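J.: my_file36.txt is reproduced below (compact mmCIF, C-alpha atoms).
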# COMPACT_ATOMS: atom_id res chain seq x y z
CA MET A 44 121.20 -40.16 -262.25
CA LYS A 45 119.81 -42.98 -260.10
CA VAL A 46 118.16 -41.60 -256.96
CA LEU A 47 116.72 -43.58 -254.06
CA LEU A 48 113.97 -41.58 -252.35
CA ILE A 49 113.33 -42.85 -248.80
CA GLU A 50 110.04 -41.81 -247.21
CA PRO A 51 109.22 -43.32 -243.78
CA PHE A 52 105.85 -41.52 -243.64
CA TYR A 53 104.37 -42.29 -247.05
CA THR A 54 100.99 -40.58 -246.87
CA GLY A 55 99.36 -37.18 -247.40
CA SER A 56 101.63 -34.36 -248.56
CA HIS A 57 104.77 -36.51 -248.08
CA LYS A 58 103.42 -39.14 -250.49
CA GLN A 59 102.18 -36.53 -252.92
CA TRP A 60 105.59 -34.83 -253.04
CA ALA A 61 107.49 -38.12 -253.48
CA ASP A 62 105.18 -39.46 -256.20
CA GLN A 63 105.12 -36.20 -258.13
CA PHE A 64 108.89 -35.71 -257.94
CA LYS A 65 109.34 -39.21 -259.35
CA LYS A 66 106.77 -38.50 -262.06
CA HIS A 67 108.25 -35.19 -263.24
CA SER A 68 112.00 -35.68 -262.73
CA THR A 69 114.37 -36.50 -265.56
CA HIS A 70 116.32 -38.66 -263.10
CA GLN A 71 115.53 -42.30 -262.34
CA ILE A 72 113.75 -42.21 -258.98
CA THR A 73 113.17 -45.35 -256.89
CA LEU A 74 110.96 -45.17 -253.78
CA LEU A 75 111.63 -46.95 -250.50
CA THR A 76 108.75 -46.27 -248.13
CA LEU A 77 106.82 -47.19 -245.01
CA GLU A 78 103.11 -46.62 -244.43
CA GLY A 79 102.31 -43.14 -243.13
CA LYS A 80 101.12 -43.80 -239.58
CA PHE A 81 102.52 -43.75 -236.02
CA TRP A 82 104.74 -40.78 -236.80
CA LYS A 83 106.59 -40.86 -233.47
CA TRP A 84 107.49 -44.50 -233.98
CA ARG A 85 108.58 -43.72 -237.54
CA MET A 86 111.05 -41.15 -236.20
CA TYR A 87 112.37 -43.59 -233.61
CA GLY A 88 112.38 -46.87 -235.50
CA SER A 89 111.98 -46.47 -239.27
CA ALA A 90 115.74 -46.11 -239.84
CA ILE A 91 116.32 -49.66 -238.60
CA THR A 92 113.54 -51.15 -240.73
CA LEU A 93 114.49 -49.23 -243.86
CA ALA A 94 118.22 -49.93 -243.42
CA LYS A 95 117.47 -53.66 -243.39
CA GLN A 96 115.41 -53.36 -246.57
CA PHE A 97 118.13 -51.26 -248.22
CA ASN A 98 120.86 -53.76 -247.33
CA GLU A 99 118.84 -56.65 -248.75
CA THR A 100 118.84 -55.19 -252.28
CA ASP A 101 121.64 -55.28 -254.85
CA ASN A 102 120.75 -51.88 -256.31
CA LYS A 103 123.32 -49.11 -256.47
CA TYR A 104 122.39 -45.42 -256.44
CA ASP A 105 124.12 -42.15 -257.27
CA LEU A 106 122.22 -40.29 -254.54
CA ILE A 107 119.93 -40.98 -251.59
CA LEU A 108 117.19 -38.44 -250.87
CA THR A 109 115.18 -38.82 -247.69
CA THR A 110 112.90 -36.71 -245.49
CA ASP A 111 112.87 -35.36 -241.95
CA MET A 112 110.91 -38.38 -240.65
CA LEU A 113 114.04 -40.56 -240.94
CA ASP A 114 116.75 -40.78 -238.28
CA VAL A 115 119.50 -40.36 -240.85
CA SER A 116 122.41 -40.87 -238.45
CA THR A 117 121.09 -44.30 -237.43
CA PHE A 118 120.29 -45.23 -241.03
CA ILE A 119 123.80 -44.35 -242.26
CA SER A 120 125.44 -46.26 -239.42
CA LEU A 121 123.51 -49.41 -240.38
CA VAL A 122 124.15 -49.22 -244.15
CA ARG A 123 127.70 -47.83 -244.19
CA LYS A 124 129.22 -50.85 -245.99
CA LYS A 125 126.69 -50.77 -248.83
CA LEU A 126 126.41 -46.99 -248.87
CA GLU A 127 130.14 -46.42 -249.46
CA LYS A 128 130.45 -42.83 -250.77
CA THR A 129 126.85 -42.35 -251.89
CA PRO A 130 125.74 -38.88 -250.69
CA VAL A 131 122.60 -38.44 -248.58
CA ILE A 132 120.33 -35.39 -248.80
CA THR A 133 117.49 -34.76 -246.32
CA TYR A 134 114.40 -32.81 -247.36
CA PHE A 135 112.62 -31.10 -244.47
CA HIS A 136 108.86 -30.93 -244.96
CA GLU A 137 108.70 -29.82 -241.32
CA ASN A 138 110.94 -29.66 -238.28
CA GLN A 139 110.03 -30.85 -234.82
CA PHE A 140 111.56 -27.86 -233.02
CA ALA A 141 108.75 -25.62 -234.29
CA TYR A 142 105.87 -28.03 -233.68
CA PRO A 143 103.25 -26.36 -231.40
CA TRP A 144 102.79 -29.03 -228.75
CA GLN A 145 99.55 -29.02 -226.77
CA GLU A 146 100.11 -28.54 -223.04
CA GLU A 147 98.19 -31.74 -222.24
CA SER A 148 100.44 -33.81 -224.55
CA GLU A 149 102.18 -36.67 -222.75
CA ASP A 150 105.41 -35.90 -224.61
CA LYS A 151 105.23 -32.29 -223.46
CA LYS A 152 104.57 -33.25 -219.84
CA LYS A 153 107.42 -35.77 -219.80
CA LYS A 154 109.74 -33.35 -221.65
CA ARG A 155 110.18 -35.74 -224.57
CA ASP A 156 109.12 -33.11 -227.09
CA VAL A 157 112.70 -31.84 -227.56
CA HIS A 158 113.96 -35.30 -228.47
CA TYR A 159 112.13 -35.33 -231.82
CA GLY A 160 113.85 -32.05 -232.71
CA MET A 161 117.20 -33.54 -231.73
CA ILE A 162 116.61 -36.43 -234.16
CA ASN A 163 116.11 -33.77 -236.88
CA TYR A 164 119.30 -32.00 -235.76
CA GLN A 165 121.40 -35.17 -235.81
CA SER A 166 119.94 -36.11 -239.20
CA ALA A 167 120.91 -32.72 -240.61
CA LEU A 168 124.46 -33.08 -239.27
CA SER A 169 124.74 -36.58 -240.78
CA SER A 170 123.44 -35.54 -244.22
CA ASP A 171 125.65 -34.17 -246.98
CA SER A 172 123.05 -31.49 -247.72
CA ASN A 173 119.72 -30.39 -246.29
CA LEU A 174 116.79 -28.85 -248.14
CA PHE A 175 113.87 -26.99 -246.54
CA ASN A 176 110.51 -26.33 -248.19
CA SER A 177 110.44 -22.71 -246.96
CA GLU A 178 112.62 -20.06 -245.37
CA TYR A 179 110.40 -20.17 -242.29
CA ASN A 180 111.03 -23.90 -241.93
CA MET A 181 114.81 -23.45 -242.05
CA LYS A 182 114.78 -20.38 -239.80
CA SER A 183 112.63 -22.01 -237.11
CA PHE A 184 114.81 -25.13 -237.30
CA PHE A 185 117.93 -23.16 -236.40
CA GLU A 186 116.09 -21.11 -233.78
CA GLY A 187 115.14 -24.39 -232.13
CA ILE A 188 118.68 -25.71 -232.25
CA TYR A 189 120.11 -22.52 -230.76
CA LYS A 190 117.53 -22.60 -227.97
CA VAL A 191 118.44 -26.19 -227.03
CA ASN A 192 122.14 -25.39 -227.40
CA GLN A 193 121.88 -22.58 -224.86
CA SER A 194 120.43 -25.01 -222.31
CA MET A 195 123.30 -27.47 -222.68
CA PRO A 196 125.41 -27.69 -219.47
CA ASP A 197 128.72 -27.80 -221.38
CA ASN A 198 130.31 -28.55 -224.76
CA LYS A 199 127.93 -26.19 -226.56
CA HIS A 200 127.61 -26.58 -230.33
CA ASP A 201 127.97 -22.97 -231.53
CA LYS A 202 130.61 -23.69 -234.18
CA ILE A 203 128.98 -26.96 -235.22
CA ILE A 204 125.66 -25.19 -235.79
CA ASP A 205 127.35 -22.43 -237.81
CA GLU A 206 129.03 -25.06 -240.00
CA LEU A 207 125.70 -26.86 -240.43
CA LYS A 208 124.15 -23.69 -241.87
CA ARG A 209 126.49 -23.91 -244.87
CA LYS A 210 124.89 -27.13 -246.06
CA CYS A 211 121.27 -26.04 -245.59
CA HIS A 212 119.23 -24.49 -248.41
CA VAL A 213 115.63 -23.64 -249.32
CA LEU A 214 113.96 -25.58 -252.15
CA PRO A 215 110.16 -25.04 -252.11
CA LEU A 216 107.67 -27.80 -252.73
CA GLY A 217 106.65 -28.66 -256.24
CA MET A 218 102.89 -29.02 -256.74
CA GLU A 219 100.63 -30.14 -259.58
CA LEU A 220 98.69 -26.89 -259.46
CA SER A 221 97.77 -27.03 -263.13
CA SER A 222 95.75 -30.20 -262.35
CA LEU A 223 93.32 -27.92 -260.50
CA ASP A 224 92.31 -26.12 -263.71
CA ILE A 225 88.76 -26.72 -264.94
CA LYS A 226 87.14 -26.17 -268.33
CA GLU A 227 83.72 -25.19 -267.03
CA ASP A 228 82.71 -21.56 -266.67
CA ILE A 229 83.09 -20.27 -263.11
CA LEU A 230 79.88 -18.78 -261.76
CA ILE A 231 79.93 -15.64 -259.61
CA ASN A 232 78.29 -16.30 -256.27
CA LYS A 233 75.53 -14.01 -255.07
CA VAL A 234 76.45 -14.93 -251.49
CA PRO A 235 80.20 -15.24 -250.70
CA ILE A 236 81.46 -18.75 -250.00
CA ILE A 237 84.09 -19.07 -247.26
CA LEU A 238 86.47 -22.01 -247.43
CA TRP A 239 88.25 -24.17 -244.84
CA ASN A 240 90.45 -26.80 -246.55
CA HIS A 241 92.80 -27.79 -243.71
CA ARG A 242 92.76 -30.39 -240.96
CA LEU A 243 90.48 -29.55 -238.03
CA ASP A 244 93.43 -29.81 -235.63
CA HIS A 245 94.69 -27.43 -232.95
CA ASP A 246 97.74 -26.41 -235.01
CA LYS A 247 95.41 -24.98 -237.68
CA ASN A 248 93.63 -22.93 -234.98
CA PRO A 249 89.99 -23.59 -235.99
CA GLU A 250 88.70 -21.73 -232.92
CA GLU A 251 89.79 -18.37 -234.34
CA PHE A 252 88.29 -19.21 -237.73
CA PHE A 253 84.92 -20.21 -236.28
CA SER A 254 84.91 -17.28 -233.86
CA CYS A 255 85.19 -14.78 -236.75
CA LEU A 256 82.43 -16.52 -238.70
CA LEU A 257 80.06 -16.42 -235.73
CA ARG A 258 80.66 -12.69 -235.32
CA ILE A 259 79.84 -12.12 -238.97
CA LYS A 260 76.75 -14.29 -238.73
CA LYS A 261 75.60 -12.34 -235.66
CA GLU A 262 75.71 -9.17 -237.80
CA LYS A 263 73.41 -10.92 -240.29
CA ILE A 264 75.96 -10.69 -243.11
CA PRO A 265 75.13 -13.57 -245.48
CA PHE A 266 77.78 -16.19 -246.35
CA LYS A 267 78.05 -19.88 -247.13
CA LEU A 268 80.69 -22.27 -245.84
CA LEU A 269 82.75 -25.19 -247.20
CA ILE A 270 84.63 -27.30 -244.62
CA LEU A 271 86.70 -29.78 -246.63
CA GLY A 272 88.73 -32.68 -245.35
CA GLU A 273 88.30 -35.89 -243.43
CA GLN A 274 87.47 -35.36 -239.76
CA THR A 275 87.87 -37.80 -236.91
CA THR A 276 85.15 -38.42 -234.33
CA LYS A 277 87.26 -36.57 -231.76
CA GLN A 278 87.63 -33.52 -234.03
CA LYS A 279 83.90 -33.41 -234.76
CA LYS A 280 83.17 -33.59 -231.03
CA THR A 281 85.71 -30.85 -230.19
CA TYR A 282 84.20 -28.37 -232.66
CA SER A 283 80.58 -29.57 -232.55
CA SER A 284 79.28 -26.40 -230.85
CA TYR A 285 80.65 -24.23 -233.69
CA ILE A 286 79.31 -26.59 -236.35
CA GLU A 287 75.83 -26.56 -234.81
CA LYS A 288 75.71 -22.76 -234.77
CA LEU A 289 76.90 -22.56 -238.39
CA HIS A 290 74.83 -25.49 -239.65
CA SER A 291 72.55 -23.37 -241.87
CA ASN A 292 75.59 -21.80 -243.59
CA ILE A 293 77.37 -25.05 -244.46
CA ILE A 294 77.15 -26.21 -248.07
CA TYR A 295 79.40 -29.23 -247.58
CA MET A 296 81.47 -30.67 -244.76
CA GLY A 297 83.83 -33.65 -244.70
CA TYR A 298 85.90 -35.78 -247.04
CA CYS A 299 85.52 -35.26 -250.77
CA SER A 300 87.01 -36.82 -253.91
CA THR A 301 89.74 -35.13 -255.96
CA THR A 302 87.17 -34.10 -258.56
CA GLU A 303 84.86 -32.66 -255.92
CA TYR A 304 87.77 -30.88 -254.21
CA ARG A 305 88.71 -29.16 -257.48
CA LYS A 306 85.10 -28.10 -258.01
CA PHE A 307 84.75 -26.77 -254.46
CA LEU A 308 87.98 -24.74 -254.73
CA HIS A 309 86.68 -22.98 -257.83
CA MET A 310 83.33 -22.44 -256.10
CA ALA A 311 84.86 -20.72 -253.04
CA ASP A 312 85.56 -16.99 -252.68
CA ILE A 313 87.50 -16.41 -249.44
CA LEU A 314 90.03 -18.45 -247.43
CA PRO A 315 90.70 -17.19 -243.89
CA VAL A 316 93.89 -18.93 -242.70
CA THR A 317 94.35 -19.06 -238.93
CA SER A 318 97.19 -21.60 -238.62
CA ILE A 319 99.78 -21.46 -235.86
CA HIS A 320 101.76 -24.21 -237.57
CA ASP A 321 102.47 -24.26 -241.31
CA PHE A 322 105.87 -24.82 -242.87
CA PHE A 323 104.60 -24.27 -246.42
CA GLY A 324 100.80 -24.27 -246.69
CA ILE A 325 99.82 -26.56 -249.57
CA SER A 326 96.07 -26.14 -249.15
CA THR A 327 96.47 -22.35 -249.09
CA ALA A 328 98.48 -22.37 -252.32
CA GLU A 329 95.91 -24.65 -253.99
CA ALA A 330 93.06 -22.31 -253.08
CA MET A 331 94.96 -19.22 -254.23
CA TYR A 332 95.73 -20.88 -257.57
CA THR A 333 92.01 -21.36 -258.22
CA GLY A 334 91.24 -17.72 -257.50
CA VAL A 335 90.21 -17.86 -253.84
CA ILE A 336 91.14 -14.71 -251.87
CA PRO A 337 93.36 -15.61 -248.89
CA LEU A 338 93.49 -13.83 -245.56
CA LEU A 339 96.86 -14.76 -244.11
CA PRO A 340 98.39 -14.37 -240.65
CA LYS A 341 101.53 -12.27 -240.58
CA ARG A 342 103.61 -15.22 -239.38
CA LEU A 343 104.95 -18.66 -240.35
CA SER A 344 105.86 -19.34 -243.99
CA TYR A 345 103.39 -16.81 -245.42
CA ILE A 346 105.52 -13.72 -244.84
CA LYS A 347 108.36 -14.78 -247.13
CA MET A 348 106.13 -16.56 -249.64
CA TYR A 349 103.55 -13.84 -250.26
CA ASN A 350 105.20 -10.57 -249.22
CA PRO A 351 102.95 -8.60 -246.82
CA GLU A 352 104.53 -5.30 -247.93
CA LYS A 353 103.31 -5.72 -251.51
CA ASN A 354 100.11 -7.56 -250.62
CA SER A 355 99.10 -5.99 -247.31
CA GLU A 356 95.39 -6.35 -248.09
CA ILE A 357 95.56 -10.15 -247.65
CA PHE A 358 97.52 -10.11 -244.37
CA TYR A 359 96.34 -9.55 -240.82
CA ASP A 360 98.09 -9.07 -237.46
CA ASN A 361 95.45 -10.33 -235.02
CA GLU A 362 91.97 -11.81 -234.78
CA GLU A 363 90.25 -8.42 -234.80
CA GLU A 364 91.94 -7.44 -238.06
CA LEU A 365 91.07 -10.83 -239.56
CA TYR A 366 87.43 -10.26 -238.63
CA MET A 367 87.39 -6.75 -240.13
CA LYS A 368 89.01 -7.86 -243.41
CA LEU A 369 86.77 -10.91 -243.71
CA LYS A 370 83.71 -8.76 -243.07
CA LYS A 371 84.83 -6.29 -245.74
CA LEU A 372 85.31 -9.07 -248.31
CA CYS A 373 81.90 -10.55 -247.50
CA ASN A 374 80.32 -7.17 -248.26
CA GLU A 375 82.23 -6.61 -251.52
CA LYS A 376 81.16 -7.65 -254.99
CA VAL A 377 83.10 -10.75 -256.05
CA SER A 378 83.87 -9.22 -259.46
CA ASN A 379 85.87 -6.43 -257.79
CA ARG A 380 88.33 -8.75 -256.08
CA THR A 381 91.97 -9.24 -257.06
CA ASN A 382 93.17 -12.64 -258.29
CA TYR A 383 96.30 -13.90 -256.47
CA LYS A 384 96.99 -16.89 -258.71
CA LYS A 385 100.20 -15.26 -259.91
CA LEU A 386 101.70 -15.55 -256.41
CA VAL A 387 101.64 -19.36 -256.46
CA GLU A 388 102.09 -20.35 -260.12
CA LYS A 389 105.86 -20.60 -259.63
CA TYR A 390 105.34 -23.65 -257.36
CA ASP A 391 103.85 -25.76 -260.16
CA TRP A 392 106.08 -28.71 -261.04
CA SER A 393 106.45 -27.33 -264.58
CA ASN A 394 108.64 -24.65 -262.98
CA MET A 395 109.98 -26.40 -259.88
CA ILE A 396 111.25 -29.62 -261.48
CA ILE A 397 113.92 -27.68 -263.35
CA LYS A 398 115.23 -26.33 -260.03
CA TYR A 399 115.10 -29.78 -258.41
CA ASP A 400 116.92 -31.63 -261.16
CA GLN A 401 119.51 -28.92 -261.57
CA TYR A 402 120.20 -28.81 -257.84
CA PHE A 403 120.86 -32.56 -257.62
CA GLU A 404 123.01 -32.56 -260.75
CA GLN A 405 125.14 -29.64 -259.56
CA PHE A 406 125.41 -31.10 -256.05
CA LYS A 407 126.70 -34.41 -257.44
CA LYS A 408 129.33 -32.56 -259.51
CA THR A 409 130.73 -30.80 -256.42
CA LEU A 410 131.52 -34.05 -254.59
Let me see the structure of the file written as structure tokens.

T.:
Amino acid sequence: MKVLLIEPFYTGSHKQWADQFKKHSTHQITLLTLEGKFWKWRMYGSAITLAKQFNETDNKYDLILTTDMLDVSTFISLVRKKLEKTPVITYFHENQFAYPWQEESEDKKKKRDVHYGMINYQSALSSDSNLFNSEYNMKSFFEGIYKVNQSMPDNKHDKIIDELKRKCHVLPLGMELSSLDIKEDILINKVPIILWNHRLDHDKNPEEFFSCLLRIKKEKIPFKLLILGEQTTKQKKTYSSYIEKLHSNIIYMGYCSTTEYRKFLHMADILPVTSIHDFFGISTAEAMYTGVIPLLPKRLSYIKMYNPEKNSEIFYDNEEELYMKLKKLCNEKVSNRTNYKKLVEKYDWSNMIIKYDQYFEQFKKTL
């Protein structure tokens, strides 16, 4: 089957997913992309740019797969002659209804924040099928729609939303987790190494993470710290007071190569996750695959993905419980800890590509 994969925000996890799906799929995947920057402008204007590029080619496709960064309704309206009966599927890496806007955001102040969610909603309605990377993503999407729907002055969309649910499904991300394997022997650390492998942005809630570490340091419990990922000047300035206080604990901070990242993951022992915004949690899954012990908030995508009833020891309800569990792990012998790799192995492309290819094949047959 010939599939055109349209990605208006071709960077980071979006690029990784698109490239890896193309690499592992048995279908013929062609990419149509725009550089991954100016995300708000991509949501507003990428459909027009990409529709023009699509119309200028002579290629025919059996299926078009795009992501939530595209205004699908606008795209379809501009390519309807060339598109004919080609089905369109939208894959939701995130949804804008559940994005935790900062109060000082200009979009929040001017009440433009809902509009991005409405683009997602209209895209879902225009698509023949919609796929979400987690149950939390799909659930929060519909919660957002219902909330907006209740505020409508008339002509509410209750039945339309119920009908939309029938063409929405969960298909988790595929990941090249096996690429994180290493041949070298893994050394057991005498002092536990705590890992942060997310963006230092407000939606990842670094304040809670750093606050717990400072409490543990105050009790003179030894630990080392890895803070991985590129940081902007603004981010460094925002969290500079924490970094200064934890300076003596930090082994490495900042951007690292793929090889270094793999090495650091295997070096780390504990991953406290404090996010208030995660639709899947790629960095968490990567760390768990390499044997790092996660401490997960009992919210977002983590509840359905990692089952707090069966794995209660890695979940926490509030900052105090996170602190207590992190402190306990720091005082334990590393050799006594449970390995949670088994919880994420199913997301490796070796398993997920079968589900992807089968879904698209079966979907095409039902048309």

J.: Select all residues near (98.0, -14.0, -242.1) (cut-off 10 Å, inclusive, file coordinates), counting only C-alpha atoms, and output them as a PyMOL selection string.

T.: chain A and resi 315-319+337-346+349+351+355+357-362+364-365

J.: Could you please take those selected residues and save C-alpha atoms as a PDB file, in the frame of the given file?

T.:
ATOM      1  CA  PRO A 315      90.700 -17.190-243.890  1.00  0.00           C
ATOM      2  CA  VAL A 316      93.890 -18.930-242.700  1.00  0.00           C
ATOM      3  CA  THR A 317      94.350 -19.060-238.930  1.00  0.00           C
ATOM      4  CA  SER A 318      97.190 -21.600-238.620  1.00  0.00           C
ATOM      5  CA  ILE A 319      99.780 -21.460-235.860  1.00  0.00           C
ATOM      6  CA  PRO A 337      93.360 -15.610-248.890  1.00  0.00           C
ATOM      7  CA  LEU A 338      93.490 -13.830-245.560  1.00  0.00           C
ATOM      8  CA  LEU A 339      96.860 -14.760-244.110  1.00  0.00           C
ATOM      9  CA  PRO A 340      98.390 -14.370-240.650  1.00  0.00           C
ATOM     10  CA  LYS A 341     101.530 -12.270-240.580  1.00  0.00           C
ATOM     11  CA  ARG A 342     103.610 -15.220-239.380  1.00  0.00           C
ATOM     12  CA  LEU A 343     104.950 -18.660-240.350  1.00  0.00           C
ATOM     13  CA  SER A 344     105.860 -19.340-243.990  1.00  0.00           C
ATOM     14  CA  TYR A 345     103.390 -16.810-245.420  1.00  0.00           C
ATOM     15  CA  ILE A 346     105.520 -13.720-244.840  1.00  0.00           C
ATOM     16  CA  TYR A 349     103.550 -13.840-250.260  1.00  0.00           C
ATOM     17  CA  PRO A 351     102.950  -8.600-246.820  1.00  0.00           C
ATOM     18  CA  SER A 355      99.100  -5.990-247.310  1.00  0.00           C
ATOM     19  CA  ILE A 357      95.560 -10.150-247.650  1.00  0.00           C
ATOM     20  CA  PHE A 358      97.520 -10.110-244.370  1.00  0.00           C
ATOM     21  CA  TYR A 359      96.340  -9.550-240.820  1.00  0.00           C
ATOM     22  CA  ASP A 360      98.090  -9.070-237.460  1.00  0.00           C
ATOM     23  CA  ASN A 361      95.450 -10.330-235.020  1.00  0.00           C
ATOM     24  CA  GLU A 362      91.970 -11.810-234.780  1.00  0.00           C
ATOM     25  CA  GLU A 364      91.940  -7.440-238.060  1.00  0.00           C
ATOM     26  CA  LEU A 365      91.070 -10.830-239.560  1.00  0.00           C
TER      27      LEU A 365
END

J.: Between CA of Ser68 in chain A and CA of His241 in chain A, what distance in Å does the model show, to one decimal?

T.: 28.2 Å

J.: Write out as an mmCIF file with C-alpha atoms, in the frame of the given file the residues lying within 9 Å of Cys299 in chain A, counting all atoms listed in the file and excluding same-chain residues fewer than 2 positions away.

T.:
data_model
loop_
_atom_site.group_PDB
_atom_site.id
_atom_site.type_symbol
_atom_site.label_atom_id
_atom_site.label_comp_id
_atom_site.auth_asym_id
_atom_site.auth_seq_id
_atom_site.Cartn_x
_atom_site.Cartn_y
_atom_site.Cartn_z
ATOM 1 C CA LEU A 271 86.700 -29.780 -246.630
ATOM 2 C CA GLY A 272 88.730 -32.680 -245.350
ATOM 3 C CA GLU A 273 88.300 -35.890 -243.430
ATOM 4 C CA MET A 296 81.470 -30.670 -244.760
ATOM 5 C CA GLY A 297 83.830 -33.650 -244.700
ATOM 6 C CA THR A 301 89.740 -35.130 -255.960
ATOM 7 C CA THR A 302 87.170 -34.100 -258.560
ATOM 8 C CA GLU A 303 84.860 -32.660 -255.920
ATOM 9 C CA TYR A 304 87.770 -30.880 -254.210
#

J.: At most 12 Å from (101.2, -23.2, -254.1), file frame, only C-alpha atoms: which residues, as JSON, numbers by chain?

T.: {"A": [176, 177, 215, 216, 217, 218, 219, 220, 221, 223, 323, 324, 325, 326, 327, 328, 329, 330, 331, 332, 333, 334, 344, 345, 348, 349, 383, 384, 385, 386, 387, 388, 389, 390, 391, 392, 394, 395]}

J.: Name all residues at most 8 Å from Tyr295 in chain A (count only C-alpha atoms; drop same-chain ones fewer than 6 positions away) and give them as a list of chain:residue names.

T.: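 Surrounding residues, per the criterion: A:Leu268, A:Leu269, A:Ile270, A:Leu271.
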
J.: Hey, can you check how far CA of Asp312 in chain A sits from CA of Lys353 in chain A?

T.: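 If I compute the distance from CA of Asp312 in chain A to CA of Lys353 in chain A, I get 21.1 Å.
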
J.: Could you tell me how far CA of Phe52 in chain A sits from CA of Phe97 in chain A, in Å to one decimal place?

T.: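 Here the two named atoms are 16.3 Å from each other.
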
J.: Given all atoms listed in the file as the basis, pick out the residue of A:Ile231, A:Val213, A:Val46, A:Leu113 nearest to Glu404 in chain A.

T.: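 Among the listed residues, the smallest separation from Glu404 in chain A belongs to A:Val46.
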
J.: Identify which of the residues A:Thr110, A:Asn192, A:Gln274, A:Gln405 lies closest to Asn138 in chain A, counting only C-alpha atoms when measuring atom-to-atom distances.

T.: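 Residue with the minimum atom-to-atom distance to Asn138 in chain A: A:Thr110.
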
J.: I'd like the neighbourhood of range 256-265 of chain A as a PyMOL selection string, where a residue qualifies if any of its atoms comes within 8 Å (using all atoms listed in the file), though same-chain residues fewer than 4 positions away should be ignored.

T.: chain A and resi 234-235+252+288-289+366+370+373-374

J.: So for range 81-96 of chain A, what box centre and size do we get, axis-aligned, 8 Å extra on each of the six sides, every listed atom, Å to one decimal, as lines of an AutoDock Vina configuration file?

T.:
center_x = 110.4
center_y = -47.2
center_z = -240.0
size_x = 31.7
size_y = 28.9
size_z = 29.1

J.: With only C-alpha atoms as the counted atoms, please give the residues lying no more than 6 Å from Leu108 in chain A, apart from itself and same-chain residues fewer than 2 positions off, as a ChimeraX atom specification.

T.: /A:48,131-133

J.: Set the distance at 10 Å and use only C-alpha atoms: which residues neighbour Asp62 in chain A once local chain neighbours fewer than 4 positions away are removed? I'd like the list as a tab-separated table (two decimals) with C-alpha atoms, in the coordinates of the input.

T.:
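Resulting contents of selection.tsv:
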chain	number	residue	atom	x	y	z
A	48	LEU	CA	113.97	-41.58	-252.35
A	53	TYR	CA	104.37	-42.29	-247.05
A	56	SER	CA	101.63	-34.36	-248.56
A	57	HIS	CA	104.77	-36.51	-248.08
A	58	LYS	CA	103.42	-39.14	-250.49
A	66	LYS	CA	106.77	-38.50	-262.06
A	67	HIS	CA	108.25	-35.19	-263.24
A	72	ILE	CA	113.75	-42.21	-258.98
A	73	THR	CA	113.17	-45.35	-256.89
A	74	LEU	CA	110.96	-45.17	-253.78

J.: Which residue is closest to Glu78 in chain A? Choose from A:Thr92, A:Ser254, A:Asn240, A:Thr117 and count only C-alpha atoms.

T.: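 Selected residue with least distance to Glu78 in chain A: A:Thr92.
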
J.: Using all atoms listed in the file, pick whichever of A:Phe253, A:Phe403, A:Tyr142, A:Phe266 has the shortest atom-to-atom distance to Glu287 in chain A.

T.: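 Among A:Phe253, A:Phe403, A:Tyr142, A:Phe266, it is A:Phe253 that comes nearest to Glu287 in chain A.
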
J.: Find the residue from A:Ala61, A:Ile293, A:Leu243, A:Val335 that sits nearest to Thr109 in chain A; use only C-alpha atoms when measuring.

T.: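 Checking each of A:Ala61, A:Ile293, A:Leu243, A:Val335 against Thr109 in chain A, counting only C-alpha atoms, the winner is A:Ala61.
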
J.: With only C-alpha atoms as the atoms that count, which of A:Asn354, A:Ser194, A:Asn173, A:Ser183 lies nearest to Leu214 in chain A?

T.: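 Of all the options, A:Asn173 lies closest to Leu214 in chain A.
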